[in-house]
Amino acid sequence: MKVTLLFKSDSKIKMMIEDVDVGFVNALRRILVSEIPAYAVDHIVVYENTSQLYDEILAHRLGLIPLSTPLNVTKEVTLSIEKEGPCIVYSGDMVSDDELINPIIPDIPITKLGDNQKIKINCIATAGIAKTHAKYQTCLVFYKYFPVIEINKKCDLCGVCVEACPRNVIEIKNDSIETANIEECTLCRSCEEQCDLKAINVSYDPRKFIFTIENYGNMSIKDLIEVSTSIIEEKCDNFITALAGVAEHGQRR
Ligand code: SF4
Ligand code: SF4
């Protein structure tokens, strides 16, 4: 397997993965979006709520606030809110009993309090995975096959395909059709459809992928990749152990 970094920021990574099949990249995508343990508010204890929102609505809003998640996720954490109006209560008003587990974005509005309105709530955050509830999802992941664009000798350099491309991937350079930023190609085939001479062919490499991860801030991209690869490793180990059991005791019916 070969991995080439195409783009990296704190919240996004784009890489080219080669010499793997679609099963592997899809397994990696599914684990990243649904099996990474992360913290989210799971239930709340309401001591006082004279705001305009029902307790249930507040619980729903609090559950969707992304929380920072360290690699070691075992215990429950309490985040408390105590505010009196007039004011807007923000995610940043949640006071955590663990300095590592806090709202990532401090200015998410939770509710607005009028004169003499008050809320006093304890939010209990637990670690879970997005397979059981979307509030635990840590990232968005997508991939596409690496495009392959071939021009044959029928090409008369008319330039129609250049105009037809919505991503500016094709250009005429040095009296020939060339591709620039080919990873921007969406495989839409618009260029192919517009070429009357059938001189351009769009396909893809089935063992080469452009793989993108965008995190929600709960964990760094580095931690997400580390955790996801260790989950794949554990699943493979479990499979090998199960297979060895079948070989030893015979096929189950
Ligand atoms: S549209 Fe076809 S013939 Fe025209 S430049 Fe593109 S590939 Fe060549
Ligand atoms: S397939 Fe679509 S995006 Fe790719 S080069 Fe052709 S027109 Fe552009």
# chains A, B, ... in the order shown; residues from 1 in each chain; ligands from 1
>>> select_by_dssp(residues="segment 23-86 of chain A", states="strand (DSSP E or B)", output="list in words")
Ala38, Tyr39, Ala40, Val41, Asp42, His43, Ile44, Val45, Val46, Tyr47, Glu48, Asn49, Leu67, Val77, Thr78, Leu79, Ser80, Ile81, Glu82, Lys83 and Glu84 of chain A
>>> write_last_selection(atoms="C-alpha atoms", output="PDB file, in the first residue's frame")
ATOM      1  CA  ALA A  38     -16.462   9.594  21.311  1.00  0.00           C
ATOM      2  CA  TYR A  39     -18.110  11.513  24.141  1.00  0.00           C
ATOM      3  CA  ALA A  40     -21.602  13.040  23.892  1.00  0.00           C
ATOM      4  CA  VAL A  41     -24.212  14.008  26.462  1.00  0.00           C
ATOM      5  CA  ASP A  42     -26.304  10.889  27.030  1.00  0.00           C
ATOM      6  CA  HIS A  43     -28.767  12.013  29.707  1.00  0.00           C
ATOM      7  CA  ILE A  44     -29.439  15.091  31.790  1.00  0.00           C
ATOM      8  CA  VAL A  45     -30.594  15.775  35.344  1.00  0.00           C
ATOM      9  CA  VAL A  46     -32.777  18.889  35.475  1.00  0.00           C
ATOM     10  CA  TYR A  47     -32.853  20.668  38.849  1.00  0.00           C
ATOM     11  CA  GLU A  48     -34.501  23.781  37.493  1.00  0.00           C
ATOM     12  CA  ASN A  49     -35.783  24.834  34.091  1.00  0.00           C
ATOM     13  CA  LEU A  67     -17.341  17.187  22.952  1.00  0.00           C
ATOM     14  CA  VAL A  77     -18.233  12.858  32.828  1.00  0.00           C
ATOM     15  CA  THR A  78     -20.572  15.520  34.214  1.00  0.00           C
ATOM     16  CA  LEU A  79     -20.930  18.946  32.618  1.00  0.00           C
ATOM     17  CA  SER A  80     -23.061  21.364  34.616  1.00  0.00           C
ATOM     18  CA  ILE A  81     -24.906  24.488  33.524  1.00  0.00           C
ATOM     19  CA  GLU A  82     -26.334  27.105  35.862  1.00  0.00           C
ATOM     20  CA  LYS A  83     -27.546  30.354  34.291  1.00  0.00           C
ATOM     21  CA  GLU A  84     -30.107  33.024  35.057  1.00  0.00           C
TER      22      GLU A  84
END
>>> residues_near_ligand(ligand="ligand 1", cutoff="7 Å", atoms="only C-alpha atoms and all ligand atoms", output="JSON, numbers by chain")
{"A": [151, 154, 155, 156, 157, 158, 159, 160, 161, 162, 177, 191, 194, 195, 196, 197, 198, 199, 200]}
>>> write_last_selection(atoms="N, CA and C atoms", output="short mmCIF file (atom, residue, chain, number, x, y, z; two decimals), in the first residue's frame")
data_model
loop_
_atom_site.label_atom_id
_atom_site.label_comp_id
_atom_site.auth_asym_id
_atom_site.auth_seq_id
_atom_site.Cartn_x
_atom_site.Cartn_y
_atom_site.Cartn_z
N ILE A 151 -6.64 10.28 -24.19
CA ILE A 151 -7.00 10.95 -25.46
C ILE A 151 -6.40 10.12 -26.59
N LYS A 154 -7.64 10.45 -32.69
CA LYS A 154 -8.72 11.11 -33.44
C LYS A 154 -8.88 12.58 -33.04
N CYS A 155 -8.32 12.96 -31.91
CA CYS A 155 -8.50 14.33 -31.37
C CYS A 155 -8.01 15.39 -32.37
N ASP A 156 -8.89 16.39 -32.64
CA ASP A 156 -8.49 17.48 -33.54
C ASP A 156 -8.29 18.80 -32.78
N LEU A 157 -8.16 18.68 -31.47
CA LEU A 157 -7.91 19.85 -30.60
C LEU A 157 -9.01 20.93 -30.69
N CYS A 158 -10.26 20.49 -30.90
CA CYS A 158 -11.34 21.47 -31.04
C CYS A 158 -11.60 22.24 -29.73
N GLY A 159 -11.26 21.67 -28.60
CA GLY A 159 -11.43 22.36 -27.32
C GLY A 159 -12.79 22.22 -26.67
N VAL A 160 -13.69 21.45 -27.29
CA VAL A 160 -15.04 21.29 -26.72
C VAL A 160 -14.98 20.65 -25.33
N CYS A 161 -14.12 19.69 -25.15
CA CYS A 161 -14.03 19.00 -23.85
C CYS A 161 -13.51 19.95 -22.76
N VAL A 162 -12.66 20.90 -23.16
CA VAL A 162 -12.12 21.87 -22.19
C VAL A 162 -13.27 22.72 -21.65
N ILE A 177 -3.97 17.78 -25.74
CA ILE A 177 -4.90 17.86 -24.62
C ILE A 177 -4.19 17.28 -23.39
N CYS A 191 -17.07 15.60 -20.56
CA CYS A 191 -16.10 15.78 -21.66
C CYS A 191 -16.28 14.68 -22.71
N GLN A 194 -19.46 15.12 -24.82
CA GLN A 194 -19.45 16.26 -25.76
C GLN A 194 -18.50 16.06 -26.94
N CYS A 195 -17.67 15.04 -26.89
CA CYS A 195 -16.68 14.84 -27.96
C CYS A 195 -17.29 14.01 -29.10
N ASP A 196 -17.58 14.67 -30.21
CA ASP A 196 -18.21 13.97 -31.35
C ASP A 196 -17.27 12.93 -31.95
N LEU A 197 -15.97 13.15 -31.83
CA LEU A 197 -15.00 12.23 -32.47
C LEU A 197 -14.66 11.01 -31.61
N LYS A 198 -15.28 10.93 -30.45
CA LYS A 198 -14.99 9.82 -29.51
C LYS A 198 -13.47 9.72 -29.26
N ALA A 199 -12.87 10.89 -29.07
CA ALA A 199 -11.41 10.92 -28.92
C ALA A 199 -10.96 10.93 -27.46
N ILE A 200 -11.91 11.05 -26.54
CA ILE A 200 -11.54 11.10 -25.11
C ILE A 200 -12.27 9.99 -24.35
#
>>> closest_residue(among="A:Pro147, A:Pro206, A:Pro37, A:Gly114", to="ligand 2", atoms="only C-alpha atoms and all ligand atoms")
A:Pro147
>>> residues_near_ligand(ligand="ligand 2", cutoff="10 Å", atoms="only C-alpha atoms and all ligand atoms", output="PyMOL selection string")
chain A and resi 147-149+161-171+179-194+200-203
>>> select_by_dssp(residues="segment 180-225 of chain A", states="helix (DSSP H, G or I)", output="mmCIF file with C-alpha atoms, in the first residue's frame")
data_model
loop_
_atom_site.group_PDB
_atom_site.id
_atom_site.type_symbol
_atom_site.label_atom_id
_atom_site.label_comp_id
_atom_site.auth_asym_id
_atom_site.auth_seq_id
_atom_site.Cartn_x
_atom_site.Cartn_y
_atom_site.Cartn_z
ATOM 1 C CA ILE A 182 -6.757 15.377 -12.177
ATOM 2 C CA GLU A 183 -7.800 14.595 -8.580
ATOM 3 C CA GLU A 184 -10.474 17.304 -9.025
ATOM 4 C CA SER A 190 -19.295 15.437 -19.571
ATOM 5 C CA CYS A 191 -16.104 15.779 -21.657
ATOM 6 C CA GLU A 192 -16.601 12.307 -23.120
ATOM 7 C CA GLU A 193 -20.258 12.978 -23.988
ATOM 8 C CA GLN A 194 -19.450 16.264 -25.758
ATOM 9 C CA ILE A 221 -7.289 13.503 12.401
ATOM 10 C CA LYS A 222 -4.149 11.689 13.603
ATOM 11 C CA ASP A 223 -6.041 10.137 16.549
ATOM 12 C CA LEU A 224 -8.957 9.176 14.283
ATOM 13 C CA ILE A 225 -6.627 7.320 11.909
#
>>> closest_atom_pairs(of="segment 153-211 of chain A", to="segment 12-24 of chain A", cutoff="6 Å", atoms="only C-alpha atoms", output="Markdown table")
| residue | atom | partner | partner_atom | distance |
| --- | --- | --- | --- | --- |
| A:Arg207 | CA | A:Asp21 | CA | 5.2 |
| A:Lys208 | CA | A:Glu18 | CA | 4.3 |
| A:Phe209 | CA | A:Ile17 | CA | 5.2 |
| A:Ile210 | CA | A:Met16 | CA | 4.6 |
| A:Phe211 | CA | A:Met15 | CA | 5.3 |
>>> closest_residue(among="A:Ile31, A:Val89, A:His133, A:Phe7", to="Glu226 of chain A", atoms="only C-alpha atoms")
A:Ile31
>>> atom_distance(atom1="atom CA of Ser220 of chain A", atom2="atom CA of Arg61 of chain A")
23.7 Å
>>> residues_around(residues="Leu113 of chain A", least_positions_apart="4", cutoff="8 Å", atoms="only C-alpha atoms", output="list in words")
Ser51, Gln52, Glu84, Gly85, Pro86, Cys87, Ile88, Val89, Gln117 and Lys118 of chain A
>>> write_last_selection(atoms="N, CA and C atoms", output="mmCIF file, in the first residue's frame")
data_model
loop_
_atom_site.group_PDB
_atom_site.id
_atom_site.type_symbol
_atom_site.label_atom_id
_atom_site.label_comp_id
_atom_site.auth_asym_id
_atom_site.auth_seq_id
_atom_site.Cartn_x
_atom_site.Cartn_y
_atom_site.Cartn_z
ATOM 1 N N SER A 51 -37.014 28.003 31.531
ATOM 2 C CA SER A 51 -36.860 28.563 30.183
ATOM 3 C C SER A 51 -38.093 28.199 29.358
ATOM 4 N N GLN A 52 -38.136 28.690 28.106
ATOM 5 C CA GLN A 52 -39.282 28.387 27.255
ATOM 6 C C GLN A 52 -39.201 26.999 26.638
ATOM 7 N N GLU A 84 -28.868 32.295 34.778
ATOM 8 C CA GLU A 84 -30.107 33.024 35.057
ATOM 9 C C GLU A 84 -30.250 34.181 34.055
ATOM 10 N N GLY A 85 -31.483 34.386 33.552
ATOM 11 C CA GLY A 85 -31.713 35.398 32.535
ATOM 12 C C GLY A 85 -31.731 36.808 33.090
ATOM 13 N N PRO A 86 -31.718 37.806 32.219
ATOM 14 C CA PRO A 86 -31.785 37.646 30.763
ATOM 15 C C PRO A 86 -30.415 37.340 30.153
ATOM 16 N N CYS A 87 -30.375 36.295 29.324
ATOM 17 C CA CYS A 87 -29.128 35.932 28.645
ATOM 18 C C CYS A 87 -29.386 34.810 27.635
ATOM 19 N N ILE A 88 -28.384 34.552 26.809
ATOM 20 C CA ILE A 88 -28.430 33.357 25.956
ATOM 21 C C ILE A 88 -27.471 32.353 26.577
ATOM 22 N N VAL A 89 -27.926 31.122 26.695
ATOM 23 C CA VAL A 89 -27.060 30.076 27.253
ATOM 24 C C VAL A 89 -26.343 29.402 26.087
ATOM 25 N N GLN A 117 -35.808 33.979 34.411
ATOM 26 C CA GLN A 117 -35.818 32.567 34.002
ATOM 27 C C GLN A 117 -34.458 31.955 34.353
ATOM 28 N N LYS A 118 -34.483 30.653 34.649
ATOM 29 C CA LYS A 118 -33.250 30.039 35.166
ATOM 30 C C LYS A 118 -33.152 28.588 34.705
#
>>> closest_residue(among="A:Thr212, A:Ser230, A:Asn218, A:Gln137", to="Ile105 of chain A", atoms="only C-alpha atoms")
A:Asn218
>>> atom_distance(atom1="atom CA of Thr132 of chain A", atom2="atom CA of Glu214 of chain A")
20.5 Å
>>> residues_around(residues="Lys75 of chain A", least_positions_apart="2", cutoff="8 Å", atoms="only C-alpha atoms", output="list in words")
Val73, Val77, Thr126 and Ala127 of chain A
>>> write_last_selection(atoms="C-alpha atoms", output="short mmCIF file (atom, residue, chain, number, x, y, z; two decimals), in the first residue's frame")
data_model
loop_
_atom_site.label_atom_id
_atom_site.label_comp_id
_atom_site.auth_asym_id
_atom_site.auth_seq_id
_atom_site.Cartn_x
_atom_site.Cartn_y
_atom_site.Cartn_z
CA VAL A 73 -12.61 6.82 26.90
CA VAL A 77 -18.23 12.86 32.83
CA THR A 126 -20.69 8.93 28.08
CA ALA A 127 -18.52 7.46 25.34
#
>>> closest_residue(among="A:Val227, A:Met94, A:Val246, A:Ala125", to="Thr74 of chain A", atoms="only C-alpha atoms")
A:Ala125
>>> atom_distance(atom1="atom CA of Leu58 of chain A", atom2="atom CA of Asp115 of chain A")
18.8 Å
